[in-house]
Amino acid sequence: MLVVTFASNFDARTFISRFEENRNNDDLKSMRVRPYRTKEEQSKYNKNKKEANDLNNAAKEAGE
């Protein structure tokens with residue numbers, strides 16, 4: 001695993017998007033890029049993900 005740090009979130013997102021654009025290259029097919037989150041950021045992300053999932057499920061049930 002290789003960890004790369006960028007000066008800003010913008011630079012990191014730019015790198016990830018350009019990587020995905022060029023992923024068809026044979027040298028890059030086996031590589032994966034994912035954003036790194038601190039424990040606090042990950043717990044907030046998981047909380048928001050669960051809340052969004054619950055709201056989506058409630059909306060689906062209300063619509064049916």
# chains A, B, ... in the order shown; residues from 1 in each chain; ligands from 1
>>> select_by_dssp(residues="chain A", states="helix (DSSP H, G or I)", output="VMD selection string")
chain A and resid 9 to 21 39 to 63
>>> residues_around(residues="A:Met1", least_positions_apart="6", cutoff="12 Å", atoms="only C-alpha atoms", output="compact mmCIF listing (two decimals) with N, CA and C atoms, in the first residue's frame")
# COMPACT_ATOMS: atom_id res chain seq x y z
N MET A 31 -4.42 -1.32 -10.04
CA MET A 31 -4.30 -0.34 -8.96
C MET A 31 -5.67 0.21 -8.57
N ARG A 32 -5.80 0.56 -7.30
CA ARG A 32 -7.02 1.17 -6.79
C ARG A 32 -6.63 2.44 -6.04
N VAL A 33 -7.43 3.47 -6.18
CA VAL A 33 -7.21 4.72 -5.46
C VAL A 33 -8.45 4.98 -4.63
N ARG A 34 -8.24 5.29 -3.37
CA ARG A 34 -9.36 5.62 -2.51
C ARG A 34 -8.96 6.75 -1.58
>>> atom_distance(atom1="atom CA of A:Glu51", atom2="atom CA of A:Arg37")
18.8 Å
>>> atom_distance(atom1="atom CA of A:Asn9", atom2="atom CA of A:Asn48")
19.3 Å
>>> residues_around(residues="A:Tyr36", least_positions_apart="2", cutoff="12 Å", atoms="only C-alpha atoms", output="number ranges by chain")
A: 2-6, 9, 12-13, 16, 33-34, 38-42, 45
>>> write_last_selection(atoms="all heavy atoms", output="CSV table (one decimal), in the first residue's frame")
chain,number,residue,atom,x,y,z
A,2,LEU,N,0.5,2.2,-0.8
A,2,LEU,CA,1.2,3.5,-0.9
A,2,LEU,C,0.3,4.6,-0.5
A,2,LEU,O,-0.8,4.7,-1.0
A,2,LEU,CB,1.7,3.7,-2.3
A,2,LEU,CG,2.3,5.0,-2.7
A,2,LEU,CD1,3.7,5.2,-1.9
A,2,LEU,CD2,2.5,5.1,-4.2
A,3,VAL,N,0.7,5.4,0.4
A,3,VAL,CA,-0.1,6.5,0.9
A,3,VAL,C,0.5,7.8,0.3
A,3,VAL,O,1.7,8.1,0.5
A,3,VAL,CB,-0.1,6.6,2.4
A,3,VAL,CG1,-0.9,7.8,2.9
A,3,VAL,CG2,-0.7,5.3,3.0
A,4,VAL,N,-0.3,8.6,-0.4
A,4,VAL,CA,0.1,9.8,-1.0
A,4,VAL,C,-0.7,10.9,-0.3
A,4,VAL,O,-1.9,10.9,-0.2
A,4,VAL,CB,-0.1,9.8,-2.5
A,4,VAL,CG1,0.3,11.1,-3.1
A,4,VAL,CG2,0.6,8.6,-3.1
A,5,THR,N,0.0,12.0,0.1
A,5,THR,CA,-0.7,13.1,0.7
A,5,THR,C,-0.6,14.3,-0.2
A,5,THR,O,0.4,14.6,-0.8
A,5,THR,CB,0.0,13.4,2.1
A,5,THR,OG1,0.1,12.3,2.9
A,5,THR,CG2,-0.7,14.5,2.8
A,6,PHE,N,-1.7,15.0,-0.2
A,6,PHE,CA,-1.8,16.2,-1.1
A,6,PHE,C,-2.0,17.5,-0.2
A,6,PHE,O,-2.5,17.4,0.9
A,6,PHE,CB,-2.9,16.1,-2.1
A,6,PHE,CG,-2.7,15.1,-3.1
A,6,PHE,CD1,-3.2,13.8,-2.9
A,6,PHE,CD2,-2.0,15.3,-4.2
A,6,PHE,CE1,-3.0,12.8,-3.8
A,6,PHE,CE2,-1.8,14.3,-5.2
A,6,PHE,CZ,-2.3,13.0,-4.9
A,9,ASN,N,-7.6,19.2,-0.4
A,9,ASN,CA,-8.6,18.2,-0.8
A,9,ASN,C,-8.8,18.3,-2.3
A,9,ASN,O,-9.1,17.3,-3.0
A,9,ASN,CB,-9.9,18.3,-0.1
A,9,ASN,CG,-9.8,17.8,1.3
A,9,ASN,OD1,-9.0,16.9,1.6
A,9,ASN,ND2,-10.7,18.3,2.2
A,12,ALA,N,-6.3,16.4,-4.2
A,12,ALA,CA,-6.5,14.9,-4.0
A,12,ALA,C,-7.6,14.5,-4.9
A,12,ALA,O,-7.5,13.4,-5.6
A,12,ALA,CB,-6.8,14.6,-2.6
A,13,ARG,N,-8.7,15.2,-5.0
A,13,ARG,CA,-9.9,14.9,-5.8
A,13,ARG,C,-9.5,15.0,-7.3
A,13,ARG,O,-9.9,14.1,-8.1
A,13,ARG,CB,-11.1,15.8,-5.5
A,13,ARG,CG,-11.8,15.3,-4.2
A,13,ARG,CD,-12.9,16.2,-4.0
A,13,ARG,NE,-12.3,17.4,-3.4
A,13,ARG,CZ,-12.9,18.5,-3.2
A,13,ARG,NH1,-14.2,18.6,-3.4
A,13,ARG,NH2,-12.3,19.6,-2.7
A,16,ILE,N,-7.5,11.8,-8.1
A,16,ILE,CA,-8.4,10.6,-8.2
A,16,ILE,C,-9.2,10.6,-9.5
A,16,ILE,O,-9.3,9.6,-10.1
A,16,ILE,CB,-9.3,10.6,-6.9
A,16,ILE,CG1,-8.5,10.2,-5.7
A,16,ILE,CG2,-10.4,9.5,-7.1
A,16,ILE,CD1,-9.3,10.3,-4.4
A,33,VAL,N,-7.4,3.5,-6.2
A,33,VAL,CA,-7.2,4.7,-5.5
A,33,VAL,C,-8.4,5.0,-4.6
A,33,VAL,O,-9.6,4.9,-5.1
A,33,VAL,CB,-7.0,5.9,-6.4
A,33,VAL,CG1,-6.9,7.2,-5.7
A,33,VAL,CG2,-5.7,5.7,-7.2
A,34,ARG,N,-8.2,5.3,-3.4
A,34,ARG,CA,-9.4,5.6,-2.5
A,34,ARG,C,-9.0,6.7,-1.6
A,34,ARG,O,-7.8,6.9,-1.2
A,34,ARG,CB,-9.8,4.4,-1.7
A,34,ARG,CG,-8.8,3.9,-0.8
A,34,ARG,CD,-9.3,2.6,-0.1
A,34,ARG,NE,-8.2,2.0,0.6
A,34,ARG,CZ,-8.3,1.3,1.7
A,34,ARG,NH1,-9.5,1.1,2.2
A,34,ARG,NH2,-7.2,0.8,2.2
A,38,THR,N,-9.7,10.3,8.3
A,38,THR,CA,-9.3,10.1,9.7
A,38,THR,C,-10.5,9.3,10.4
A,38,THR,O,-11.5,9.2,9.8
A,38,THR,CB,-9.1,11.4,10.4
A,38,THR,OG1,-10.3,12.1,10.4
A,38,THR,CG2,-8.0,12.2,9.7
A,39,LYS,N,-10.2,8.9,11.6
A,39,LYS,CA,-11.3,8.1,12.3
A,39,LYS,C,-12.5,9.0,12.5
A,39,LYS,O,-13.7,8.5,12.3
A,39,LYS,CB,-10.8,7.6,13.6
A,39,LYS,CG,-9.8,6.5,13.5
A,39,LYS,CD,-9.4,6.0,14.9
A,39,LYS,CE,-8.4,4.8,14.7
A,39,LYS,NZ,-8.0,4.3,16.0
A,40,GLU,N,-12.3,10.3,12.8
A,40,GLU,CA,-13.5,11.2,13.0
A,40,GLU,C,-14.2,11.4,11.7
A,40,GLU,O,-15.5,11.3,11.6
A,40,GLU,CB,-13.0,12.5,13.5
A,40,GLU,CG,-12.4,12.5,14.9
A,40,GLU,CD,-10.9,12.1,14.9
A,40,GLU,OE1,-10.3,12.1,13.8
A,40,GLU,OE2,-10.5,11.6,16.0
A,41,GLU,N,-13.5,11.6,10.6
A,41,GLU,CA,-14.1,11.7,9.3
A,41,GLU,C,-14.9,10.5,8.9
A,41,GLU,O,-16.0,10.5,8.3
A,41,GLU,CB,-13.1,12.1,8.2
A,41,GLU,CG,-12.5,13.5,8.3
A,41,GLU,CD,-11.4,13.7,7.4
A,41,GLU,OE1,-10.7,12.7,7.0
A,41,GLU,OE2,-11.1,14.9,7.0
A,42,GLN,N,-14.3,9.3,9.1
A,42,GLN,CA,-14.9,8.0,8.8
A,42,GLN,C,-16.2,7.8,9.6
A,42,GLN,O,-17.2,7.4,9.0
A,42,GLN,CB,-13.9,6.9,9.0
A,42,GLN,CG,-14.5,5.5,8.5
A,42,GLN,CD,-14.7,5.5,7.0
A,42,GLN,OE1,-13.9,6.1,6.2
A,42,GLN,NE2,-15.7,4.8,6.5
A,45,TYR,N,-18.8,10.1,8.2
A,45,TYR,CA,-19.2,9.6,6.9
A,45,TYR,C,-20.2,8.4,7.1
A,45,TYR,O,-21.2,8.4,6.4
A,45,TYR,CB,-18.0,9.1,6.1
A,45,TYR,CG,-18.3,8.4,4.8
A,45,TYR,CD1,-18.7,9.1,3.7
A,45,TYR,CD2,-18.3,7.0,4.8
A,45,TYR,CE1,-19.0,8.4,2.5
A,45,TYR,CE2,-18.6,6.3,3.6
A,45,TYR,CZ,-19.0,7.0,2.5
A,45,TYR,OH,-19.3,6.3,1.3
>>> closest_residue(among="A:Lys49, A:Gly63, A:Pro35, A:Asn25", to="A:Phe10", atoms="only C-alpha atoms")
A:Pro35
>>> atom_distance(atom1="atom CA of A:Arg18", atom2="atom CA of A:Ser30")
15.9 Å
